[in-house]
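File shown: coords03.csv (CSV, C-alpha atoms).
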chain,number,residue,atom,x,y,z
A,1,MET,CA,313.5,-8.2,39.7
A,2,THR,CA,312.6,-6.6,36.4
A,3,GLU,CA,314.0,-3.3,37.7
A,4,ASP,CA,317.4,-4.9,38.4
A,5,LYS,CA,317.4,-6.6,35.0
A,6,ILE,CA,316.7,-3.3,33.3
A,7,LYS,CA,319.4,-1.6,35.4
A,8,ASN,CA,321.9,-4.3,34.5
A,9,LEU,CA,321.0,-4.1,30.9
A,10,LEU,CA,321.2,-0.4,30.8
A,11,GLN,CA,324.6,-0.4,32.5
A,12,GLN,CA,326.0,-3.0,30.1
A,13,ALA,CA,324.7,-1.1,27.2
A,14,ASP,CA,326.3,2.1,28.6
A,15,LYS,CA,329.6,0.3,29.0
A,16,ALA,CA,329.3,-1.2,25.5
A,17,GLY,CA,328.6,2.3,24.1
A,18,GLY,CA,332.3,3.0,24.6
A,19,GLY,CA,333.8,5.9,26.4
A,20,ILE,CA,333.6,9.5,25.3
A,21,ALA,CA,336.2,11.5,23.6
A,22,PRO,CA,338.4,13.2,26.2
A,23,VAL,CA,336.8,16.4,27.2
A,24,GLU,CA,339.1,19.5,27.5
A,25,VAL,CA,337.2,22.3,29.1
A,26,ASN,CA,338.9,25.5,28.1
A,27,VAL,CA,338.5,27.7,31.1
A,28,SER,CA,340.1,30.8,29.4
A,29,ALA,CA,337.7,30.4,26.5
A,30,ILE,CA,334.8,30.2,29.0
A,31,ARG,CA,336.1,33.4,30.7
A,32,ARG,CA,336.3,35.2,27.3
A,33,ARG,CA,332.8,34.0,26.3
A,34,ALA,CA,331.5,35.1,29.7
A,35,ARG,CA,333.0,38.5,29.4
A,36,ARG,CA,331.5,38.9,25.9
A,37,LYS,CA,328.1,37.7,27.1
A,38,ASN,CA,328.3,40.2,30.0
A,39,ILE,CA,329.1,43.0,27.7
A,40,ILE,CA,326.3,42.0,25.3
A,41,ASN,CA,323.9,41.8,28.3
A,42,PHE,CA,325.0,45.3,29.3
A,43,ILE,CA,325.0,46.8,25.9
A,44,ALA,CA,321.9,45.1,24.4
A,45,PRO,CA,319.2,47.0,26.4
A,46,LEU,CA,321.1,50.3,25.9
A,47,SER,CA,321.3,49.7,22.2
A,48,ALA,CA,317.6,48.7,22.1
A,49,ALA,CA,316.7,51.9,24.0
A,50,ALA,CA,318.9,54.0,21.6
A,51,VAL,CA,317.3,52.4,18.5
A,52,LEU,CA,313.9,52.9,20.0
A,53,MET,CA,314.6,56.6,20.7
A,54,VAL,CA,316.0,57.2,17.2
A,55,ALA,CA,313.0,55.4,15.7
A,56,LEU,CA,310.6,57.5,17.8
A,57,SER,CA,312.3,60.8,16.9
A,58,ILE,CA,312.3,59.8,13.2
A,59,LEU,CA,308.6,59.0,13.5
A,60,GLY,CA,308.0,62.3,15.2
A,61,VAL,CA,309.8,64.2,12.5
A,62,VAL,CA,307.9,62.3,9.8
A,63,PHE,CA,304.6,63.0,11.4
A,64,ARG,CA,305.4,66.6,11.9
A,65,THR,CA,306.5,67.3,8.3
A,66,THR,CA,304.1,65.3,6.3
A,67,GLU,CA,300.9,66.9,4.9
A,68,PRO,CA,297.7,65.8,6.7
A,69,THR,CA,295.8,63.2,4.7
A,70,GLN,CA,292.3,63.7,3.5
A,71,GLU,CA,290.9,61.6,6.4
A,72,GLU,CA,292.9,63.7,8.9
A,73,ARG,CA,291.5,66.9,7.3
A,74,LYS,CA,288.0,65.4,7.5
A,75,ILE,CA,288.6,64.6,11.2
A,76,ALA,CA,289.8,68.2,11.8
A,77,LEU,CA,286.8,69.6,10.1
A,78,LEU,CA,284.5,67.4,12.1
A,79,GLU,CA,286.2,68.5,15.3
A,80,THR,CA,285.8,72.2,14.4
A,81,GLN,CA,282.1,71.6,13.6
A,82,ILE,CA,281.6,69.8,16.9
A,83,LYS,CA,283.2,72.7,18.7
A,84,GLN,CA,281.0,75.2,17.0
A,85,LEU,CA,277.9,73.1,17.7
A,86,GLN,CA,279.0,72.9,21.3
A,87,ILE,CA,279.3,76.7,21.5
A,88,ARG,CA,275.8,77.1,20.0
A,89,THR,CA,274.3,74.6,22.4
A,90,ASP,CA,275.9,76.4,25.3
A,91,ALA,CA,274.4,79.8,24.1
A,92,ALA,CA,270.9,78.2,23.6
A,93,LEU,CA,271.1,76.7,27.1
A,94,SER,CA,272.0,80.0,28.7
A,95,LEU,CA,269.1,81.7,26.8
A,96,ILE,CA,266.7,79.0,28.0
A,97,GLN,CA,268.0,79.5,31.5
A,98,GLU,CA,267.4,83.3,31.3
A,99,VAL,CA,263.8,82.8,30.0
A,100,LEU,CA,263.0,80.4,32.7
A,101,GLU,CA,264.3,82.9,35.3
A,102,ASP,CA,262.2,85.7,33.8
A,103,GLU,CA,259.1,83.4,33.9
A,104,GLN,CA,259.8,82.6,37.5
A,105,LYS,CA,260.1,86.3,38.3
A,106,GLN,CA,256.9,87.2,36.5
A,107,HIS,CA,255.1,84.4,38.3
A,108,ARG,CA,256.3,85.7,41.7
A,109,LEU,CA,255.2,89.3,40.7
A,110,ASP,CA,251.7,88.0,39.8
A,111,GLU,CA,251.5,86.3,43.2
A,112,LEU,CA,252.5,89.4,45.0
A,113,LYS,CA,249.9,91.5,43.0
A,114,ALA,CA,247.2,89.0,44.0
A,115,GLN,CA,248.3,89.2,47.6
A,116,LEU,CA,248.2,93.0,47.4
A,117,ALA,CA,244.8,92.9,45.8
A,118,SER,CA,243.4,90.8,48.6
A,119,ILE,CA,244.5,93.4,51.2
A,120,PRO,CA,241.3,95.8,51.8
A,121,ASP,CA,241.6,99.6,50.9
A,122,PRO,CA,242.0,101.5,54.3
A,123,LEU,CA,240.4,104.7,52.8
A,124,GLU,CA,237.4,102.7,51.7
A,125,GLU,CA,237.1,101.2,55.2
A,126,VAL,CA,237.3,104.7,56.7
A,127,ARG,CA,234.7,105.9,54.3
A,128,GLN,CA,232.4,103.0,55.2
A,129,GLN,CA,233.0,103.7,58.9
A,130,VAL,CA,232.1,107.4,58.4
A,131,ASP,CA,229.0,106.4,56.5
A,132,LYS,CA,228.0,104.0,59.2
A,133,THR,CA,228.5,106.6,62.0
A,134,ALA,CA,226.6,109.2,60.1
A,135,PHE,CA,223.8,106.8,59.6
A,136,ILE,CA,223.7,105.8,63.3
A,137,LEU,CA,223.6,109.5,64.3
A,138,VAL,CA,220.7,110.2,61.8
A,139,TYR,CA,218.9,107.0,62.9
A,140,GLU,CA,219.2,108.1,66.6
A,141,ALA,CA,218.0,111.6,65.8
A,142,ASP,CA,215.0,110.1,63.9
A,143,ARG,CA,214.2,107.9,67.0
A,144,LEU,CA,214.5,110.9,69.4
A,145,TYR,CA,212.3,113.0,67.2
A,146,ASN,CA,209.6,110.5,66.2
A,147,GLU,CA,209.4,108.1,69.1
A,148,LEU,CA,210.6,110.1,72.2
A,149,ASN,CA,209.5,113.6,71.0
A,150,GLN,CA,212.9,115.1,72.0
A,151,THR,CA,213.1,117.6,69.2
A,152,ASP,CA,216.1,119.5,70.7
A,153,SER,CA,218.3,116.5,71.0
A,154,ALA,CA,217.3,115.3,67.6
A,155,VAL,CA,218.1,118.7,66.0
A,156,GLU,CA,221.4,118.6,67.9
A,157,ASN,CA,222.3,115.2,66.4
A,158,TYR,CA,221.2,116.3,62.9
A,159,ASN,CA,223.5,119.3,63.2
A,160,ARG,CA,226.3,117.2,64.5
A,161,VAL,CA,226.1,115.0,61.3
A,162,ILE,CA,226.1,118.0,59.1
A,163,LYS,CA,229.0,119.5,60.9
A,164,LEU,CA,231.1,116.3,61.1
A,165,PHE,CA,230.3,114.8,57.7
A,166,PRO,CA,229.2,117.7,55.5
A,167,GLU,CA,229.9,115.8,52.2
A,168,ASN,CA,228.2,112.6,53.3
A,169,ARG,CA,224.8,111.5,52.0
A,170,TRP,CA,223.4,111.3,55.5
A,171,ALA,CA,224.3,115.0,56.0
A,172,LYS,CA,221.9,115.7,53.1
A,173,VAL,CA,219.3,113.5,54.9
A,174,ALA,CA,220.0,115.4,58.2
A,175,ARG,CA,219.4,118.8,56.3
A,176,GLN,CA,216.1,117.5,54.9
A,177,ARG,CA,215.0,116.4,58.4
A,178,LEU,CA,215.9,119.8,59.9
A,179,SER,CA,214.0,121.7,57.2
A,180,GLU,CA,211.0,119.4,57.8
A,181,ILE,CA,211.2,120.1,61.6
A,182,GLU,CA,211.4,123.9,60.8
A,183,LYS,CA,208.4,123.6,58.5
A,184,ARG,CA,206.4,121.8,61.2
A,185,LYS,CA,207.4,124.4,63.8
A,186,THR,CA,206.2,127.3,61.6
A,187,ASN,CA,203.0,125.5,60.8
A,188,GLN,CA,202.3,124.9,64.5
A,189,THR,CA,202.9,128.6,65.3
A,190,ILE,CA,200.6,129.7,62.5
B,191,MET,CA,330.2,16.1,54.2
B,192,ALA,CA,333.9,16.8,53.6
B,193,GLU,CA,333.1,17.1,49.8
B,194,LYS,CA,330.3,19.5,50.5
B,195,ASN,CA,332.6,21.6,52.6
B,196,ASP,CA,335.2,21.6,49.9
B,197,ASP,CA,332.5,22.7,47.4
B,198,GLU,CA,331.4,25.5,49.7
B,199,LEU,CA,335.0,26.6,50.1
B,200,LEU,CA,335.5,26.7,46.3
B,201,VAL,CA,332.3,28.7,45.8
B,202,GLU,CA,333.3,31.1,48.6
B,203,GLN,CA,336.7,31.6,47.0
B,204,PHE,CA,335.0,32.2,43.6
B,205,HIS,CA,332.7,34.8,45.2
B,206,ARG,CA,335.8,36.5,46.7
B,207,GLY,CA,337.2,36.8,43.1
B,208,ASP,CA,339.6,33.9,43.1
B,209,GLU,CA,339.3,32.7,39.5
B,210,SER,CA,341.4,29.7,40.1
B,211,ALA,CA,338.5,28.2,42.2
B,212,PHE,CA,336.6,27.8,39.0
B,213,GLU,CA,339.5,26.0,37.4
B,214,ARG,CA,339.4,23.5,40.3
B,215,ILE,CA,335.6,23.1,40.0
B,216,VAL,CA,336.1,22.3,36.3
B,217,LYS,CA,338.9,19.8,37.0
B,218,GLN,CA,336.8,18.1,39.7
B,219,TYR,CA,333.5,17.8,37.8
B,220,SER,CA,334.2,17.9,34.1
B,221,ALA,CA,334.5,14.1,33.8
B,222,ASP,CA,331.2,13.5,35.6
B,223,ILE,CA,329.4,16.2,33.6
B,224,ALA,CA,330.8,14.9,30.3
B,225,ILE,CA,329.6,11.3,31.1
B,226,LEU,CA,326.1,12.5,32.1
B,227,THR,CA,326.0,14.7,29.0
B,228,ASN,CA,327.0,11.7,26.8
B,229,ARG,CA,324.2,9.6,28.3
B,230,LEU,CA,321.5,12.3,28.2
B,231,LEU,CA,322.3,13.1,24.5
B,232,GLY,CA,322.1,9.4,23.5
B,233,TRP,CA,325.8,8.4,23.5
B,234,PRO,CA,327.0,10.6,20.6
B,235,GLY,CA,330.6,10.2,21.9
B,236,ASP,CA,331.6,13.8,21.3
B,237,VAL,CA,330.2,16.1,23.9
B,238,GLU,CA,332.9,18.8,24.2
B,239,ASP,CA,330.8,21.7,22.9
B,240,VAL,CA,327.9,21.0,25.2
B,241,THR,CA,330.2,20.5,28.2
B,242,GLN,CA,331.8,23.8,27.3
B,243,ASP,CA,328.4,25.5,27.3
B,244,ILE,CA,327.5,23.9,30.6
B,245,PHE,CA,330.6,25.3,32.3
B,246,LEU,CA,330.0,28.7,30.7
B,247,ALA,CA,326.5,28.7,32.2
B,248,ALA,CA,328.0,27.6,35.5
B,249,TYR,CA,330.6,30.4,35.4
B,250,LEU,CA,327.9,33.0,34.8
B,251,GLY,CA,325.6,31.6,37.4
B,252,LEU,CA,328.1,30.8,40.1
B,253,LYS,CA,328.0,34.3,41.5
B,254,LYS,CA,324.4,33.7,42.4
B,255,PHE,CA,324.9,30.2,43.7
B,256,ARG,CA,324.2,30.1,47.5
B,257,CYS,CA,325.0,26.5,48.3
B,258,GLU,CA,321.4,25.6,49.0
B,259,CYS,CA,322.1,22.2,47.3
B,260,SER,CA,325.4,20.5,46.6
B,261,LEU,CA,327.5,21.9,43.8
B,262,LYS,CA,327.4,18.6,42.0
B,263,SER,CA,323.5,18.7,42.0
B,264,TRP,CA,323.5,22.2,40.8
B,265,LEU,CA,325.9,21.4,37.9
B,266,PHE,CA,323.8,18.4,37.1
B,267,THR,CA,320.7,20.6,36.9
B,268,ILE,CA,322.6,22.9,34.5
B,269,THR,CA,323.6,19.8,32.5
B,270,ILE,CA,320.0,18.6,32.3
B,271,ASN,CA,318.8,22.0,31.0
B,272,LYS,CA,321.7,22.3,28.5
B,273,CYS,CA,321.1,18.8,27.2
B,274,ARG,CA,317.4,19.5,26.7
B,275,SER,CA,318.2,22.6,24.7
B,276,SER,CA,320.9,20.8,22.7
B,277,ARG,CA,318.6,17.9,21.8
B,278,TYR,CA,315.9,20.4,20.9
B,279,LYS,CA,318.2,22.3,18.6
B,280,ARG,CA,319.5,19.0,17.1
B,281,ARG,CA,315.9,17.9,16.5
B,282,LEU,CA,315.1,21.2,14.7
B,283,ARG,CA,318.2,20.7,12.5
B,284,LEU,CA,317.3,17.2,11.7
B,285,ARG,CA,313.7,18.1,10.9
B,286,ARG,CA,315.1,20.5,8.3
B,287,PHE,CA,317.1,17.7,6.8
B,288,SER,CA,314.7,14.9,7.5
B,289,GLN,CA,316.2,12.6,4.9
B,290,GLU,CA,319.4,12.5,6.8
B,291,ILE,CA,317.9,11.7,10.3
B,292,ASN,CA,319.2,8.2,10.5
B,293,ARG,CA,322.7,9.2,9.5
B,294,PHE,CA,322.9,12.1,12.0
B,295,SER,CA,321.0,10.8,15.0
B,296,PHE,CA,323.5,8.0,15.8
B,297,SER,CA,326.5,9.2,14.0
B,298,SER,CA,328.9,7.7,16.5
B,299,ASP,CA,327.4,4.2,15.9
B,300,SER,CA,327.5,4.5,12.2
B,301,ASP,CA,331.1,5.6,11.9
B,302,GLY,CA,332.3,2.4,13.5
B,303,LYS,CA,334.3,4.1,16.2
B,304,HIS,CA,332.9,1.8,18.9
B,305,ILE,CA,332.7,-2.0,19.0
B,306,ASP,CA,329.1,-2.6,19.9
B,307,THR,CA,326.7,-5.4,19.7
B,308,ASP,CA,323.3,-5.1,18.1
B,309,GLU,CA,321.5,-5.8,21.4
B,310,PHE,CA,323.2,-3.0,23.3
B,311,ARG,CA,322.8,-0.6,20.5
B,312,HIS,CA,319.1,-1.4,20.5
B,313,VAL,CA,319.0,-0.7,24.3
B,314,ARG,CA,320.8,2.6,23.9
B,315,ARG,CA,318.4,3.6,21.1
B,316,ALA,CA,315.5,2.7,23.3
B,317,VAL,CA,316.8,4.9,26.1
B,318,ALA,CA,317.6,7.7,23.7
B,319,ALA,CA,314.1,7.4,22.2
B,320,LEU,CA,312.4,8.0,25.5
B,321,PRO,CA,310.8,11.4,26.1
B,322,ALA,CA,313.0,13.7,28.2
B,323,LYS,CA,310.8,13.4,31.3
B,324,TYR,CA,311.4,9.6,31.3
B,325,ARG,CA,314.9,9.5,29.9
B,326,GLU,CA,316.4,11.9,32.5
B,327,PRO,CA,315.2,10.0,35.6
B,328,VAL,CA,316.4,6.7,34.0
B,329,VAL,CA,319.9,8.0,33.2
B,330,LEU,CA,320.3,9.6,36.7
B,331,ARG,CA,318.9,6.6,38.6
B,332,TYR,CA,320.2,3.6,36.8
B,333,LEU,CA,323.4,4.9,35.1
B,334,GLN,CA,324.5,7.7,37.4
B,335,GLU,CA,323.1,5.8,40.4
B,336,ILE,CA,322.0,8.9,42.2
B,337,GLY,CA,319.4,8.6,45.1
B,338,THR,CA,315.8,9.5,44.4
B,339,ASP,CA,315.8,12.5,46.8
B,340,GLU,CA,318.7,14.1,45.0
B,341,ILE,CA,317.2,13.3,41.6
B,342,SER,CA,314.0,15.0,42.5
B,343,ARG,CA,316.0,18.0,43.6
B,344,ILE,CA,318.0,18.1,40.4
B,345,LEU,CA,314.9,17.7,38.2
B,346,GLY,CA,312.7,20.0,40.4
B,347,ILE,CA,310.0,17.3,40.8
B,348,THR,CA,308.6,15.5,43.9
B,349,THR,CA,309.7,12.0,44.8
B,350,ASN,CA,306.3,10.6,43.9
B,351,THR,CA,306.4,12.1,40.5
B,352,LEU,CA,309.9,10.7,40.0
B,353,ASN,CA,308.8,7.2,41.0
B,354,VAL,CA,305.8,7.4,38.6
B,355,ARG,CA,308.1,8.5,35.8
B,356,LEU,CA,310.6,5.8,36.5
B,357,SER,CA,307.8,3.2,36.6
B,358,ARG,CA,306.4,4.4,33.3
B,359,ALA,CA,309.9,4.6,31.8
B,360,ARG,CA,310.6,1.0,32.8
B,361,LYS,CA,307.3,-0.1,31.3
B,362,ARG,CA,308.2,1.5,28.0
B,363,LEU,CA,311.7,0.0,28.0
B,364,ARG,CA,310.2,-3.4,28.8
B,365,ASP,CA,307.8,-3.1,25.9
B,366,ASP,CA,310.6,-1.9,23.6
B,367,LEU,CA,313.2,-4.5,24.8
B,368,VAL,CA,310.8,-7.5,25.4
B,369,GLU,CA,313.0,-9.7,23.1
B,370,ILE,CA,316.2,-8.9,25.0
B,371,ILE,CA,314.8,-8.9,28.6
B,372,GLY,CA,312.7,-12.0,27.8
B,373,LEU,CA,309.6,-11.0,29.8
Translate this file's structure into structure tokens.
Amino acid sequence: MTEDKIKNLLQQADKAGGGIAPVEVNVSAIRRRARRKNIINFIAPLSAAAVLMVALSILGVVFRTTEPTQEERKIALLETQIKQLQIRTDAALSLIQEVLEDEQKQHRLDELKAQLASIPDPLEEVRQQVDKTAFILVYEADRLYNELNQTDSAVENYNRVIKLFPENRWAKVARQRLSEIEKRKTNQTI
Amino acid sequence: MAEKNDDELLVEQFHRGDESAFERIVKQYSADIAILTNRLLGWPGDVEDVTQDIFLAAYLGLKKFRCECSLKSWLFTITINKCRSSRYKRRLRLRRFSQEINRFSFSSDSDGKHIDTDEFRHVRRAVAALPAKYREPVVLRYLQEIGTDEISRILGITTNTLNVRLSRARKRLRDDLVEIIGL
């Protein structure tokens, strides 16, 4: 009910508001304005781009020709110092690398020397073996002479030691034993 | 349906480059557009400039119009948008010259061109004073007598939103016009 009342009231008020001035829509003017607007819409971005390009080129020229400011100079100096510092750091790093490599090489060399030192001397071994053989021969000869009274076999063994190992200390012992046997033989004949 | 077919035919002719189709569209709808503009702008009486702008926008946009809604609804949507911007511009102008608000805002009433009673002037002022989101549905529903579905299409809002806005607009009008309505 209220809605209808409001509607009626609004319609009456609208009618009472009187008509509107006769509207003459000028189609040719609309076409002219539309053409102008289309042209503007086409040209505006191009002009903006052109202005921007000109502005950028001007800025480029200005920046190229102007003297660097004090701050720019400071920045350039700092950049140079940083570059130099970087070069020095690189050199120091490569030096450290070399030293470390040398140390590693030295360490490896020491290890190899220790390994080499741990290997027994073959000449010494041969010498010991010779000494042992000569001793056994002398020992056998002593046993043949003293315990079994086989003087000839004992003399033969002593001579073999003197012949085979003349420089050995047991060759000297063998010579002493032979001289002792000779002395005893002469004493027995006398 | 026949009207819609005529509209589609006119739009198709315009798309094909027949400029006379636009003249026929103007002839067919200029009166309706002018009346709606007059109501939306608060009955200023002279709406020729705004109507001209509306048809300029229609001319520029008609190439992209694909008849997804009726031509009349589309023109009404343009009208709504143009009236909003026109009112906004006028408000900016009036704010700059605030001392002259009363003289400018209802110039048609003050110049004595129309014979009007105080009551109806009060009603029109109440409608004109409504915010756009309430004024537009009121004008379209009660003065243009357009269906709610079409109004929601024109304004780009749902039917529920439209009903809520209409209800709130009625409440405001009732509060403003309590002496006249007598409720």
Query raised in the report: For chain A against chain B, which residues fall within 6 Å using all atoms listed in the file, given as a PyMOL selection string?
Result: chain A and resi 7+13+16+18+20-21+23+25+30
Query raised in the report: What is the CA of Ser179 (chain A) to CA of Val155 (chain A) distance in Å?
Result: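 Separation between CA of Ser179 (chain A) and CA of Val155 (chain A): 10.2 Å.
Nearest to Leu226 (chain B) of all the residues A:Asp14, A:Leu77, A:Asn187, A:Pro122 is A:Asp14, counting only C-alpha atoms.
Between CA of Leu352 (chain B) and CA of Tyr219 (chain B) the separation is 24.7 Å.
Residue neighbourhood of Thr338 (chain B), excluding near-sequence residues (fewer than 5 positions): B:Pro327, B:Leu330, B:Arg331, B:Arg343, B:Ile344, B:Thr348, B:Thr349, B:Asn350, B:Leu352, B:Asn353, at 10 Å, using only C-alpha atoms.
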Query raised in the report: Closest to Arg358 (chain B) among B:Ile336, B:Leu320, B:Ile268, B:Leu345, using all atoms listed in the file?
Result: B:Leu320
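Atom pair CA of Val161 (chain A) / CA of Ala174 (chain A): separated by 6.9 Å.
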